Amino acid sequence: MTATHDVTNQSPPFEDVNLFSSDAVLRDAVRRENADDACGLEAFGAIAGSKASFTAGRLANENPPRLKTHDRQGRRIDVVEFHPAYHALMQASAAERLHFGTWIESSGASNAERHANASRAARFYMAAQMEAGHCCPITMTNAAVPTLALQPELAATWLPRIKVAGYDERFLPSDKKRAVTFGMGMTEKQGGTDVRANTTRAVPAGPGGPGSEYILTGHKWFMSAPMSDAFLVLAQAPGGLSCFLLPRFLPDGTVNKLVLQRLKDKLGNHSNASS
């Protein structure tokens, strides 16, 4: 077989590019916001723009997650299996503390808060170029922190598990894992974005009130990142719509009854599971 032509009008492969040092606009924005952690940002820019990271992004999207509702013996398990490339991407972003980094440096001072937000934003911007789908649970975990902080007893249990610079893919109770991630369950078929139309009910398992245990019964049209260790879920409580923490495992170590009917067949975001 002989060559028919030379490829002369195509750009070279976009790989092994430092996504920070090669981006003048990003560097200027970081400098303007006084978050010029140049060494750390440049180091992550090299990771996010590496051939290995882009290959992982491609593999994670070419091999989307699969729902396993039952095991080989017919027992209900409701777990989602991911390609190893997806877990590698999660580890890369979690190592940069993107799942909680907004909240670690601020101590009430506005300058510290601004620095923390700008520094994380720059890293997240590069992580999204590395691969966008895995950014969903990374973002939801970061967003869950201030909500958990409103309930001190929940914060005492969950925030130390979130604020770990790492990722643990294992399907285990959260107290047996190195780190945890959070998902969310908000919308329902009959209401869509109008969450006031939710019909999922929350019944007190005891006296009720903030921080108490409730039993949730209902459905969700969109359960983001269903292999997360816990979820923020909206449900109708006796006093109206409220937000609840739904752990994947119950305190006694048994799996919570979270039944996954199917994974969404999406136009994009293939690497990340939505159920």
# chains A, B, ... in the order shown; residues from 1 in each chain; ligands from 1

call {"tool": "residues_around", "arguments": {"residues": "Phe20 of chain A", "least_positions_apart": "4", "cutoff": "9 Å", "atoms": "only C-alpha atoms", "output": "JSON, numbers by chain"}}
result
{"A": [24, 26, 27, 38, 41, 42, 43, 44, 45, 46, 49, 122, 123, 126]}

call {"tool": "residues_around", "arguments": {"residues": "segment 138-151 of chain A", "least_positions_apart": "2", "cutoff": "7 Å", "atoms": "only C-alpha atoms", "output": "count of residues only"}}
result
14

call {"tool": "closest_residue", "arguments": {"among": "A:Thr187, A:Thr217, A:Gln129, A:Thr193", "to": "Ser50 of chain A", "atoms": "only C-alpha atoms"}}
result
A:Gln129

call {"tool": "residues_around", "arguments": {"residues": "Thr55 of chain A", "least_positions_apart": "6", "cutoff": "10 Å", "atoms": "only C-alpha atoms", "output": "PDB file with N, CA and C atoms, in the first residue's frame"}}
result
ATOM      1  N   GLU A  15      -2.256  18.714  22.650  1.00  0.00           N
ATOM      2  CA  GLU A  15      -1.913  17.905  23.812  1.00  0.00           C
ATOM      3  C   GLU A  15      -0.565  18.353  24.352  1.00  0.00           C
ATOM      4  N   ALA A  85     -10.885   5.708  33.409  1.00  0.00           N
ATOM      5  CA  ALA A  85     -10.476   7.056  33.019  1.00  0.00           C
ATOM      6  C   ALA A  85     -11.284   8.109  33.750  1.00  0.00           C
ATOM      7  N   MET A 130     -10.001  20.045  30.471  1.00  0.00           N
ATOM      8  CA  MET A 130      -9.489  18.674  30.538  1.00  0.00           C
ATOM      9  C   MET A 130     -10.609  17.691  30.218  1.00  0.00           C
ATOM     10  N   GLU A 131     -11.779  17.860  30.851  1.00  0.00           N
ATOM     11  CA  GLU A 131     -12.959  17.034  30.589  1.00  0.00           C
ATOM     12  C   GLU A 131     -14.105  17.608  31.411  1.00  0.00           C
TER      13      GLU A 131
END

call {"tool": "residues_around", "arguments": {"residues": "segment 196-203 of chain A", "least_positions_apart": "6", "cutoff": "9 Å", "atoms": "only C-alpha atoms", "output": "NGL selection string"}}
result
:A and (186-190 or 213-220 or 234-238 or 241-242 or 244)

call {"tool": "closest_residue", "arguments": {"among": "A:Ser174, A:Asn117, A:Ser271, A:Thr254", "to": "Ala230 of chain A", "atoms": "only C-alpha atoms"}}
result
A:Ser174

call {"tool": "residues_around", "arguments": {"residues": "Asn256 of chain A", "least_positions_apart": "6", "cutoff": "9 Å", "atoms": "only C-alpha atoms", "output": "PyMOL selection string"}}
result
chain A and resi 246-250

call {"tool": "select_by_dssp", "arguments": {"residues": "segment 7-187 of chain A", "states": "alpha helix (DSSP H)", "output": "MDAnalysis selection string"}}
result
chainID A and resid 24:32 38:48 51:62 84:95 110:130 135:149 152:162

call {"tool": "closest_atom_pairs", "arguments": {"of": "segment 54-83 of chain A", "to": "segment 260-266 of chain A", "cutoff": "10 Å", "atoms": "only C-alpha atoms", "output": "CSV"}}
result
residue,atom,partner,partner_atom,distance
A:Pro65,CA,A:Leu263,CA,8.5
A:Arg66,CA,A:Leu263,CA,7.7
A:Leu67,CA,A:Leu263,CA,6.7
A:Lys68,CA,A:Leu260,CA,9.0
A:Thr69,CA,A:Leu260,CA,7.2
A:Ile77,CA,A:Leu260,CA,9.2
A:Asp78,CA,A:Leu260,CA,5.7
A:Val79,CA,A:Leu260,CA,8.0
A:Val80,CA,A:Leu263,CA,8.9

call {"tool": "write_last_selection", "arguments": {"atoms": "N, CA and C atoms", "output": "compact mmCIF listing (two decimals), in the first residue's frame"}}
result
# COMPACT_ATOMS: atom_id res chain seq x y z
N PRO A 65 -20.80 5.60 31.57
CA PRO A 65 -21.17 4.78 32.74
C PRO A 65 -22.33 3.84 32.43
N ARG A 66 -22.36 2.73 33.16
CA ARG A 66 -23.40 1.72 32.98
C ARG A 66 -24.09 1.44 34.30
N LEU A 67 -25.41 1.37 34.24
CA LEU A 67 -26.20 1.08 35.43
C LEU A 67 -26.33 -0.43 35.62
N LYS A 68 -26.00 -0.91 36.81
CA LYS A 68 -26.20 -2.30 37.18
C LYS A 68 -27.28 -2.34 38.27
N THR A 69 -28.47 -2.74 37.88
CA THR A 69 -29.58 -2.75 38.85
C THR A 69 -29.53 -3.97 39.77
N ILE A 77 -28.94 -4.01 43.49
CA ILE A 77 -27.74 -3.32 43.94
C ILE A 77 -27.73 -1.84 43.55
N ASP A 78 -28.29 -1.48 42.38
CA ASP A 78 -28.39 -0.08 41.96
C ASP A 78 -27.05 0.65 42.07
N VAL A 79 -26.09 0.18 41.32
CA VAL A 79 -24.79 0.84 41.27
C VAL A 79 -24.47 1.20 39.82
N VAL A 80 -23.60 2.19 39.68
CA VAL A 80 -23.18 2.64 38.36
C VAL A 80 -21.69 2.36 38.23

call {"tool": "atom_distance", "arguments": {"atom1": "atom CA of Arg120 of chain A", "atom2": "atom CA of Asn61 of chain A"}}
result
24.5 Å

call {"tool": "closest_residue", "arguments": {"among": "A:Tyr125, A:Ser212, A:Glu113, A:Leu267", "to": "Val25 of chain A", "atoms": "only C-alpha atoms"}}
result
A:Tyr125

call {"tool": "atom_distance", "arguments": {"atom1": "atom CA of Gly240 of chain A", "atom2": "atom CA of Gly191 of chain A"}}
result
15.7 Å

call {"tool": "select_by_dssp", "arguments": {"residues": "segment 44-204 of chain A", "states": "strand (DSSP E)", "output": "ChimeraX atom specification"}}
result
/A:66-70,76-81,182-185,201-204
